[in-house]
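Participant: Below is the structure I would like to discuss, written out as structure tokens.
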Amino acid sequence: MRKPIIAGNWKMNLNAQESVALVTGLKRELAGVTDVEIAVCPPATLLTAVGSAIAGSNIALGAQNMYTQDSGAFTGEISPLMLLDAGCTYVILGHSERRQYFNETDAFINEKAKKALSHGLIPIICVGETLEQREAGITADVVSTQVKGCVAGLSADEMKKCVIAYEPVWAIGTGKTATTKQAQEVHAMIRSLLKKIFSDNVAQAVRIQYGGSVKPDNVSELMAQEDIDGALVGGASLKVDSFAKIVKFNG
Ligand code: PGA
């Protein structure tokens, strides 16, 4: 049985005061939740403050990115050791905004995933097609190429620890959610690809999140799909009420 994982990707939003207020509210609303893994992923400058505010709660900390090296002359970058030091359990890797605006490639994301795993951080590896690619009928090809590239060379044990987030680029921040059928189709395709690359055992263990305009009113239907094991939530993770409702998708 895969335990659902719902993570809030705050992107480049909120200040220290707002972020602590948000997680204080989430702690209150979500205190009794044990059947879902919950994570918040604030900007790097807020990791420590948010980490302290959620210490001892059922909410875990994640980062939105990291570099491939432990330390050194890499101005502006943040190492996996720094994320651990701040209390992170998860790190989002290869978000479509990083691919689009910062030219991140599958090979680079793969390098980051290996590094994160070597330090015990759990990568949330993002994949997803653009609208143009979907309309050209190449969604499966695009997403399989991304998955293959991002998980290349991982051991079965490493793969089992990873979370994959399927986020159709055209559904991110647009209010357009993929239909549950469209999402389930790609999730099932990813799982069968993992079976081919690794084994059925690995494929059954990996959690695949859906992301792209997830809201309180569409989360339950998405989560009811066989291969959807969680959500990566952007806009709706910035408010206590909406994120708490999403986490409590099953009532
Ligand atoms: P959204 O973002 O929920 O605002 O569409 C999701 C994401 O980019 O992770």
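Labels used: A, B, ... for chains in the order of the structure tokens, numbers from 1 for residues in each chain, and numbers from 1 for ligands as shown.
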May I ask you to write as a PyMOL selection string all residues lying at most 7 Å from ligand 1, with only C-alpha atoms and all ligand atoms counted?
Facilitator: chain A and resi 9+167+171-175+211-214+232-236
Participant: Find the spatial neighbours of Ala113 of chain A, counting only C-alpha atoms, within a cut-off of 7 Å - ignore same-chain residues fewer than 4 positions away - and output them as an NGL selection string.
Facilitator: :A and (109 or 117 or 123)
Participant: Write the residues of the selection above to a file with all heavy atoms, as a short mmCIF file (atom, residue, chain, number, x, y, z; two decimals), in the first residue's frame.
Facilitator:
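Below is the file that was written, part.cif:
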```
data_model
loop_
_atom_site.label_atom_id
_atom_site.label_comp_id
_atom_site.auth_asym_id
_atom_site.auth_seq_id
_atom_site.Cartn_x
_atom_site.Cartn_y
_atom_site.Cartn_z
N ILE A 109 19.08 16.85 -13.65
CA ILE A 109 18.13 16.45 -12.61
C ILE A 109 18.50 15.07 -12.08
O ILE A 109 18.44 14.81 -10.87
CB ILE A 109 16.69 16.48 -13.19
CG1 ILE A 109 16.32 17.91 -13.62
CG2 ILE A 109 15.67 15.95 -12.18
CD1 ILE A 109 15.18 18.00 -14.64
N LEU A 117 19.73 11.51 -2.89
CA LEU A 117 19.57 10.17 -2.31
C LEU A 117 20.80 9.76 -1.51
O LEU A 117 20.68 9.13 -0.46
CB LEU A 117 19.30 9.15 -3.42
CG LEU A 117 17.89 9.24 -4.03
CD1 LEU A 117 17.85 8.59 -5.40
CD2 LEU A 117 16.86 8.60 -3.09
N PRO A 123 13.98 12.75 -3.19
CA PRO A 123 13.68 13.62 -4.33
C PRO A 123 12.22 13.51 -4.76
O PRO A 123 11.66 12.42 -4.79
CB PRO A 123 14.58 13.10 -5.46
CG PRO A 123 15.42 12.02 -4.89
CD PRO A 123 14.79 11.57 -3.60
#
```
Participant: What's the 8 Å shell around segment 203-208 of chain A, counting only C-alpha atoms, without same-chain residues fewer than 5 positions away, as a PyMOL selection string?
Facilitator: chain A and resi 1-5+159-166+187+191-192+194-195+198+227-230
Participant: If we count only C-alpha atoms and set the cut-off at 8 Å, which residues sit around segment 47-62 of chain A, ignoring sequence neighbours fewer than 4 positions away in its own chain? Please answer as a list in words.
Facilitator: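 The residues satisfying every condition are Ala16, Ser19, Val20, Val23, Thr24, Lys27, Leu30, Ala31, Val33, Thr34, Glu37, Ile38, Ala39, Val40, Cys41, Pro42, Pro43, Ala86, Gly87, Cys88, Thr89, Tyr90, Val91 and Ile92 of chain A.
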Participant: Mind dumping the selected residues with N, CA, C and O atoms as an mmCIF file, in the first residue's frame?
Facilitator:
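The result, stored in selection27.cif:
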```
data_model
loop_
_atom_site.group_PDB
_atom_site.id
_atom_site.type_symbol
_atom_site.label_atom_id
_atom_site.label_comp_id
_atom_site.auth_asym_id
_atom_site.auth_seq_id
_atom_site.Cartn_x
_atom_site.Cartn_y
_atom_site.Cartn_z
ATOM 1 N N ALA A 16 8.788 35.717 6.012
ATOM 2 C CA ALA A 16 8.966 34.907 7.225
ATOM 3 C C ALA A 16 7.697 34.890 8.076
ATOM 4 O O ALA A 16 7.244 33.829 8.524
ATOM 5 N N SER A 19 4.874 32.954 6.389
ATOM 6 C CA SER A 19 5.115 31.512 6.309
ATOM 7 C C SER A 19 4.899 30.838 7.669
ATOM 8 O O SER A 19 4.338 29.747 7.737
ATOM 9 N N VAL A 20 5.310 31.507 8.723
ATOM 10 C CA VAL A 20 5.101 30.922 10.055
ATOM 11 C C VAL A 20 3.607 30.909 10.393
ATOM 12 O O VAL A 20 3.092 29.933 10.944
ATOM 13 N N VAL A 23 2.084 27.876 8.461
ATOM 14 C CA VAL A 23 2.301 26.531 9.029
ATOM 15 C C VAL A 23 1.711 26.389 10.431
ATOM 16 O O VAL A 23 1.350 25.288 10.837
ATOM 17 N N THR A 24 1.583 27.496 11.138
ATOM 18 C CA THR A 24 0.932 27.428 12.455
ATOM 19 C C THR A 24 -0.527 27.015 12.269
ATOM 20 O O THR A 24 -1.039 26.145 12.980
ATOM 21 N N LYS A 27 -0.667 23.325 11.153
ATOM 22 C CA LYS A 27 -0.441 22.405 12.293
ATOM 23 C C LYS A 27 -1.738 22.192 13.052
ATOM 24 O O LYS A 27 -2.085 21.082 13.445
ATOM 25 N N LEU A 30 -4.304 20.211 10.786
ATOM 26 C CA LEU A 30 -3.915 18.884 10.293
ATOM 27 C C LEU A 30 -3.362 17.970 11.379
ATOM 28 O O LEU A 30 -2.863 16.872 11.086
ATOM 29 N N ALA A 31 -3.479 18.394 12.627
ATOM 30 C CA ALA A 31 -2.862 17.646 13.740
ATOM 31 C C ALA A 31 -3.256 16.175 13.766
ATOM 32 O O ALA A 31 -2.443 15.314 14.086
ATOM 33 N N VAL A 33 -4.100 14.179 11.287
ATOM 34 C CA VAL A 33 -3.945 13.409 10.036
ATOM 35 C C VAL A 33 -2.763 12.445 10.130
ATOM 36 O O VAL A 33 -1.627 12.859 10.360
ATOM 37 N N THR A 34 -3.046 11.158 9.952
ATOM 38 C CA THR A 34 -1.952 10.173 10.005
ATOM 39 C C THR A 34 -1.880 9.334 8.731
ATOM 40 O O THR A 34 -0.903 8.648 8.505
ATOM 41 N N GLU A 37 1.066 11.567 4.088
ATOM 42 C CA GLU A 37 2.307 12.273 4.399
ATOM 43 C C GLU A 37 2.137 13.708 3.906
ATOM 44 O O GLU A 37 1.668 13.936 2.792
ATOM 45 N N ILE A 38 2.510 14.669 4.744
ATOM 46 C CA ILE A 38 2.304 16.083 4.417
ATOM 47 C C ILE A 38 3.662 16.774 4.375
ATOM 48 O O ILE A 38 4.494 16.564 5.276
ATOM 49 N N ALA A 39 3.872 17.599 3.370
ATOM 50 C CA ALA A 39 5.118 18.369 3.328
ATOM 51 C C ALA A 39 4.842 19.781 2.830
ATOM 52 O O ALA A 39 3.915 19.996 2.046
ATOM 53 N N VAL A 40 5.651 20.717 3.308
ATOM 54 C CA VAL A 40 5.621 22.070 2.756
ATOM 55 C C VAL A 40 7.019 22.395 2.222
ATOM 56 O O VAL A 40 8.015 22.017 2.826
ATOM 57 N N CYS A 41 7.058 23.074 1.087
ATOM 58 C CA CYS A 41 8.335 23.382 0.443
ATOM 59 C C CYS A 41 8.462 24.885 0.251
ATOM 60 O O CYS A 41 8.073 25.438 -0.790
ATOM 61 N N PRO A 42 8.975 25.582 1.268
ATOM 62 C CA PRO A 42 9.113 27.042 1.197
ATOM 63 C C PRO A 42 10.361 27.429 0.406
ATOM 64 O O PRO A 42 11.226 26.592 0.156
ATOM 65 N N PRO A 43 10.480 28.708 0.057
ATOM 66 C CA PRO A 43 11.730 29.186 -0.534
ATOM 67 C C PRO A 43 12.885 28.976 0.445
ATOM 68 O O PRO A 43 12.664 28.904 1.668
ATOM 69 N N ALA A 86 18.942 22.333 7.549
ATOM 70 C CA ALA A 86 17.728 23.121 7.785
ATOM 71 C C ALA A 86 16.551 22.236 8.181
ATOM 72 O O ALA A 86 15.475 22.739 8.507
ATOM 73 N N GLY A 87 16.740 20.917 8.118
ATOM 74 C CA GLY A 87 15.674 20.006 8.562
ATOM 75 C C GLY A 87 14.832 19.427 7.436
ATOM 76 O O GLY A 87 13.740 18.903 7.676
ATOM 77 N N CYS A 88 15.327 19.498 6.204
ATOM 78 C CA CYS A 88 14.542 18.986 5.072
ATOM 79 C C CYS A 88 14.531 17.464 5.012
ATOM 80 O O CYS A 88 15.531 16.802 5.288
ATOM 81 N N THR A 89 13.397 16.943 4.602
ATOM 82 C CA THR A 89 13.246 15.524 4.296
ATOM 83 C C THR A 89 13.180 15.340 2.787
ATOM 84 O O THR A 89 13.664 14.360 2.245
ATOM 85 N N TYR A 90 12.534 16.304 2.114
ATOM 86 C CA TYR A 90 12.290 16.200 0.672
ATOM 87 C C TYR A 90 12.985 17.320 -0.078
ATOM 88 O O TYR A 90 13.266 18.376 0.489
ATOM 89 N N VAL A 91 13.193 17.084 -1.378
ATOM 90 C CA VAL A 91 13.620 18.176 -2.249
ATOM 91 C C VAL A 91 12.953 17.993 -3.617
ATOM 92 O O VAL A 91 13.006 16.915 -4.205
ATOM 93 N N ILE A 92 12.269 19.043 -4.063
ATOM 94 C CA ILE A 92 11.659 19.019 -5.392
ATOM 95 C C ILE A 92 12.789 19.181 -6.412
ATOM 96 O O ILE A 92 13.634 20.068 -6.273
#
```
Participant: Compare A:Leu22, A:Ile124, A:Leu222, A:Ala152 by their minimum atom-to-atom distance to Trp10 of chain A, counting only C-alpha atoms, and give me the closest one.
Facilitator: A:Leu22
Participant: Please run DSSP on the backbone and report, as a ChimeraX atom specification, all residues within segment 89-235 of chain A that come out as strand (DSSP E).
Facilitator: /A:90-93,122-127,163-166,207-211,230-233
Participant: Could you tell me how far atom CA of Gln100 of chain A lies from atom CA of Thr45 of chain A, in Å and to one decimal?
Facilitator: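 Computing it gives 22.5 Å between the two atoms.
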Participant: Please, what distance in Å, to one decimal, runs between atom CA of Gly149 of chain A and atom CA of Thr105 of chain A?
Facilitator: 8.7 Å
Participant: Can you measure atom CA of Ile6 of chain A to atom CA of Arg28 of chain A for me? One decimal in Å is fine.
Facilitator: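 Atom CA of Arg28 of chain A lies at a distance of 16.8 Å from atom CA of Ile6 of chain A.
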